[in-house]
Amino acid sequence: MDMNDNENKTFMREEENANSKEGRRILRNRAVELKPNSIQNLLLRLLSAWLFASGIMAFTVSGQSLLTVKYSSRVNVLVMIMVMALVFFVVTAVVIYLKSRYFDSGFLLLSLLVYTIIVVAGYNNKTELLAGVLVFWAFVLYFTVKYRVKMFELLSISDSMLKVYIALGAAAFVAFVGGFGVFRYLTYSAPNYDFGLFSQMFYYMKETFMPLTTSERGTLLSHFAIHVSPIFYLLLPGYLIFPNPMYLQIMQAVILASGVIPLYLLCRHYQLSNKYTICIATAFLFFPAISGGCFYDIHENCFLLPLLLWFFYAAEKRKVPLFYLFGILVLMVKEDAFIYLFFVCVYFIITGKMRFHSSLMMAISIFYFGFALMLLYFQGYGAMTNRFSNFMTNKNGSLLEVVKNVLVNPALVIFESFEIEKLLYAIMMLAPLGFLPVFCKKPQQLILIMPFVLINLMPDYNYQHSIYFQYNFGVIAIFFYLVVINLKRLKGRFKKFMALFIVAGTVAGFFCTSAGFASYFVKYFDNQETINTINMYLDDIPSDASVISDTMFVARLSQRDEIYERNYTDVTDVDYYIYDMRNASQRDKKQEEIEQLINEGYVKVVDEENIIVILSAK
């Protein structure tokens, strides 16, 4: 029997047997199916025409923000009405020709999608705008599902089509995310923190096999004195072949995109049909915090996303060797990665998944965390406990003080975790997924939300509650695991509604946040002369020379033993000082420093006005 036939029968059984109440309504539901030119369809057509015309106006009218009352003064209302009328009559003709009762709803979704993209793409990180758009999407999708627009039934997706879609989607993700990362580097937009330092670390790993840097703390040290992240060695073989900073940007995108593979396997395990699987995969590839988390370049946290999903899969399939392999790999990402593993193992123990192995893995994670902390305290700079300073009486407090405050003062935890800024962040993380991760019929699922609270909501460190930093990747893996198991438990129309909503929500969220990263592509081609000038001078710096540089030039100069960021080092005796003069607001201060260095004996060897200044000790 053909796979599509099986899938169609599965959907028919879902529709008719979701629950007895739904089954009894089938005949009544059929009675409300829309006729091609019913009043409801005409209203849908009018709404579509309005959205379509509004989108065209928003795209063509320039010079005024859509979010101001002055925008309407630049819109020709007569032209807009004519466009609406044209769209309405064209769609009517198509509907009459096709005799389709579903075309209007499909065209409404398309019009809303186009309008959403045009609107939100111009206003990055406008949480209130995205929230309003998602509410609109919810109403439209509810209507289309209520009136039995057979969105899923009309589609036929084979296993091979699904795999091709996922492969192409992952490739597109790598092209976009890896691409804007590469162009950040090429346009000198990627700073030392946190790209130049990793670029130099891989240079040292290639030369000495040690994760050394001089640009991270202004002196030669191991990166493991800051974070214990041996997982980086997995990227070293490729770097030996392609020893270029661009390799790191591309590989972060590859690592993140690879998370769609265990996600697909989890969907298979939970017997979600190809149509639901493709919705979840689409939501994953468009989820704004995944692409947004790459905004400040490569970090070890990117490994958390695929590795935790593989860990979930190994536990669900009871594959013991893989369970331990991916558990150990998660711990190798960073010292605080144990938090994710600890709570996941607690969840598995409570739900009865591999209780013995989960208990042992939890014990291993605690032991490893203690070992990593000892390593940081005795061989490094200590754990970054200051990020929880809002739970300490002083900034130099210990983790024990944080634990004490959490245990004896839950009111403080609630107060710190639900500030307005953090609530808006939580909306950006959960709303595109229709809040599915917290639709917990089983209260033990709330255990999996604890890392979100501990890592992202409790700290006062701003970067940990922003979708534009790397601190979201571990939580995202947990969220999508919960999306899979919670979507599986939904029934009937609501299940279809939620599947469609997470696609609409993540696509809208992507264009509201990450689509703006395309500006790096434009920036590269618009500033070719400046970029080529900088390239020429930086490439002339001898590879064995010691350099102090402004932050945006560090990555390009990172393939050397000594490179320091100008504002973060006590070193003064170097071969070259290099100044980035592109920022007008900082030029006067830099000119003063340059004059002082000249007085100390340095010679100005390059002075490209408003671009770059290089001083040499020779």
# chains A, B, ... in the order shown; residues from 1 in each chain; ligands from 1

$ residues_around --residues "segment 540-550 of chain A" --least-positions-apart "6" --cutoff "9 Å" --atoms "only C-alpha atoms" --output "ChimeraX atom specification"
/A:191-192,557,559-567,569,571-580

$ write_last_selection --atoms "C-alpha atoms" --output "compact mmCIF listing (two decimals), in the first residue's frame"
# COMPACT_ATOMS: atom_id res chain seq x y z
CA PRO A 191 34.40 42.04 17.36
CA ASN A 192 37.10 40.38 19.42
CA LEU A 557 44.84 39.63 12.63
CA GLN A 559 46.56 34.14 13.02
CA ARG A 560 49.55 35.12 15.17
CA ASP A 561 51.02 34.54 18.62
CA GLU A 562 50.33 37.99 20.02
CA ILE A 563 47.23 40.01 19.26
CA TYR A 564 45.61 42.18 21.92
CA GLU A 565 42.40 44.20 21.95
CA ARG A 566 43.36 47.83 22.55
CA ASN A 567 41.01 48.52 25.46
CA THR A 569 45.25 44.75 27.89
CA VAL A 571 50.60 45.25 27.38
CA THR A 572 52.12 48.35 25.77
CA ASP A 573 55.35 47.22 24.13
CA VAL A 574 54.28 45.77 20.77
CA ASP A 575 55.41 46.01 17.17
CA TYR A 576 52.21 47.61 15.84
CA TYR A 577 49.25 49.65 17.03
CA ILE A 578 46.24 49.55 14.69
CA TYR A 579 43.28 51.93 14.97
CA ASP A 580 39.84 51.57 13.40

$ closest_residue --among "A:Phe312, A:Phe303, A:Tyr381, A:Phe143" --to "Phe224 of chain A" --atoms "only C-alpha atoms"
A:Tyr381

$ residues_around --residues "Glu316 of chain A" --least-positions-apart "2" --cutoff "9 Å" --atoms "only C-alpha atoms" --output "JSON, numbers by chain"
{"A": [266, 269, 311, 312, 313, 314, 318, 319, 353, 354]}

$ write_last_selection --atoms "C-alpha atoms" --output "PDB file, in the first residue's frame"
ATOM      1  CA  LEU A 266      11.900  12.225  17.633  1.00  0.00           C
ATOM      2  CA  HIS A 269       9.454   7.983  17.408  1.00  0.00           C
ATOM      3  CA  PHE A 311      20.292  12.879  24.139  1.00  0.00           C
ATOM      4  CA  PHE A 312      16.484  13.020  24.207  1.00  0.00           C
ATOM      5  CA  TYR A 313      16.318  10.680  21.225  1.00  0.00           C
ATOM      6  CA  ALA A 314      18.739   8.176  22.807  1.00  0.00           C
ATOM      7  CA  ARG A 318      16.606   3.380  25.087  1.00  0.00           C
ATOM      8  CA  LYS A 319      19.915   3.330  23.224  1.00  0.00           C
ATOM      9  CA  LYS A 353      12.715   6.529  31.224  1.00  0.00           C
ATOM     10  CA  MET A 354      15.921   4.571  31.828  1.00  0.00           C
TER      11      MET A 354
END

$ closest_residue --among "A:Gly106, A:Phe388, A:Pro321, A:Arg217" --to "His357 of chain A" --atoms "only C-alpha atoms"
A:Pro321

$ residues_around --residues "segment 398-407 of chain A" --least-positions-apart "3" --cutoff "9 Å" --atoms "only C-alpha atoms" --output "NGL selection string"
:A and (383 or 385-386 or 388-393 or 395 or 410-413)

$ atom_distance --atom1 "atom CA of Gln596 of chain A" --atom2 "atom CA of Glu529 of chain A"
29.7 Å

$ atom_distance --atom1 "atom CA of Thr351 of chain A" --atom2 "atom CA of Val453 of chain A"
21.1 Å

$ select_by_dssp --residues "segment 121-272 of chain A" --states "strand (DSSP E or B)" --output "JSON, numbers by chain"
{"A": [212, 213, 221, 222]}

$ write_last_selection --atoms "N, CA and C atoms" --output "short mmCIF file (atom, residue, chain, number, x, y, z; two decimals), in the first residue's frame"
data_model
loop_
_atom_site.label_atom_id
_atom_site.label_comp_id
_atom_site.auth_asym_id
_atom_site.auth_seq_id
_atom_site.Cartn_x
_atom_site.Cartn_y
_atom_site.Cartn_z
N LEU A 212 44.91 28.29 23.48
CA LEU A 212 45.49 29.50 24.05
C LEU A 212 44.99 30.75 23.33
N THR A 213 44.97 31.85 24.05
CA THR A 213 44.65 33.15 23.44
C THR A 213 45.43 34.24 24.17
N LEU A 221 46.85 32.95 27.87
CA LEU A 221 46.22 32.00 28.79
C LEU A 221 45.40 31.00 27.99
N SER A 222 44.98 29.96 28.67
CA SER A 222 44.10 28.97 28.05
C SER A 222 42.65 29.44 28.15
#

$ atom_distance --atom1 "atom CA of Lys495 of chain A" --atom2 "atom CA of Phe479 of chain A"
17.2 Å

$ residues_around --residues "Leu134 of chain A" --least-positions-apart "2" --cutoff "8 Å" --atoms "only C-alpha atoms" --output "list in words"
Leu130, Ala131, Gly132, Phe136, Trp137, Ala138, Ala431, Pro432, Ala504, Gly505 and Ala508 of chain A

$ write_last_selection --atoms "C-alpha atoms" --output "PDB file, in the first residue's frame"
ATOM      1  CA  LEU A 130       5.118  40.509  16.744  1.00  0.00           C
ATOM      2  CA  ALA A 131       2.632  39.702  19.523  1.00  0.00           C
ATOM      3  CA  GLY A 132      -0.137  41.550  17.676  1.00  0.00           C
ATOM      4  CA  PHE A 136      -4.093  38.029  14.105  1.00  0.00           C
ATOM      5  CA  TRP A 137      -2.602  34.787  12.789  1.00  0.00           C
ATOM      6  CA  ALA A 138      -4.324  32.861  15.567  1.00  0.00           C
ATOM      7  CA  ALA A 431       4.829  32.910  21.490  1.00  0.00           C
ATOM      8  CA  PRO A 432       6.171  31.772  18.073  1.00  0.00           C
ATOM      9  CA  ALA A 504       3.221  31.038  11.036  1.00  0.00           C
ATOM     10  CA  GLY A 505       4.632  32.149  14.400  1.00  0.00           C
ATOM     11  CA  ALA A 508       6.803  35.866  11.448  1.00  0.00           C
TER      12      ALA A 508
END

$ select_by_dssp --residues "segment 16-251 of chain A" --states "alpha helix (DSSP H)" --output "PyMOL selection string"
chain A and resi 16-17+20-24+26-31+39-60+77-98+103-120+127-146+159-173+179-186+197-208+236-241+245-251

$ residues_around --residues "Thr92 of chain A" --least-positions-apart "3" --cutoff "12 Å" --atoms "only C-alpha atoms" --output "number ranges by chain"
A: 36-38, 41-46, 48-49, 85-89, 95-101, 103-104, 107

$ residues_around --residues "segment 238-242 of chain A" --least-positions-apart "5" --cutoff "10 Å" --atoms "only C-alpha atoms" --output "number ranges by chain"
A: 202-203, 205-207, 233, 247-248, 251

$ closest_residue --among "A:Gly516, A:Lys491, A:Val503, A:Phe342" --to "Ala363 of chain A" --atoms "only C-alpha atoms"
A:Phe342

$ closest_atom_pairs --of "segment 402-489 of chain A" --to "segment 325-338 of chain A" --cutoff "10 Å" --atoms "only C-alpha atoms" --output "JSON lines"
{"residue": "A:Pro451", "atom": "CA", "partner": "A:Ala337", "partner_atom": "CA", "distance": 9.7}
{"residue": "A:Ile455", "atom": "CA", "partner": "A:Asp336", "partner_atom": "CA", "distance": 8.9}
{"residue": "A:Gly474", "atom": "CA", "partner": "A:Ala337", "partner_atom": "CA", "distance": 8.1}

$ write_last_selection --atoms "C-alpha atoms" --output "PDB file, in the first residue's frame"
ATOM      1  CA  PRO A 451      16.893  25.472  32.987  1.00  0.00           C
ATOM      2  CA  ILE A 455      19.901  30.169  32.925  1.00  0.00           C
ATOM      3  CA  GLY A 474      20.191  24.582  25.333  1.00  0.00           C
TER       4      GLY A 474
END

$ closest_residue --among "A:Ser273, A:Leu263, A:Pro230, A:Phe173" --to "Ser158 of chain A" --atoms "only C-alpha atoms"
A:Ser273

$ closest_residue --among "A:Val507, A:Met552, A:Met498, A:Leu446" --to "Leu113 of chain A" --atoms "only C-alpha atoms"
A:Val507

$ closest_residue --among "A:Tyr520, A:Phe553, A:Tyr264, A:Tyr270" --to "Asp159 of chain A" --atoms "only C-alpha atoms"
A:Tyr264
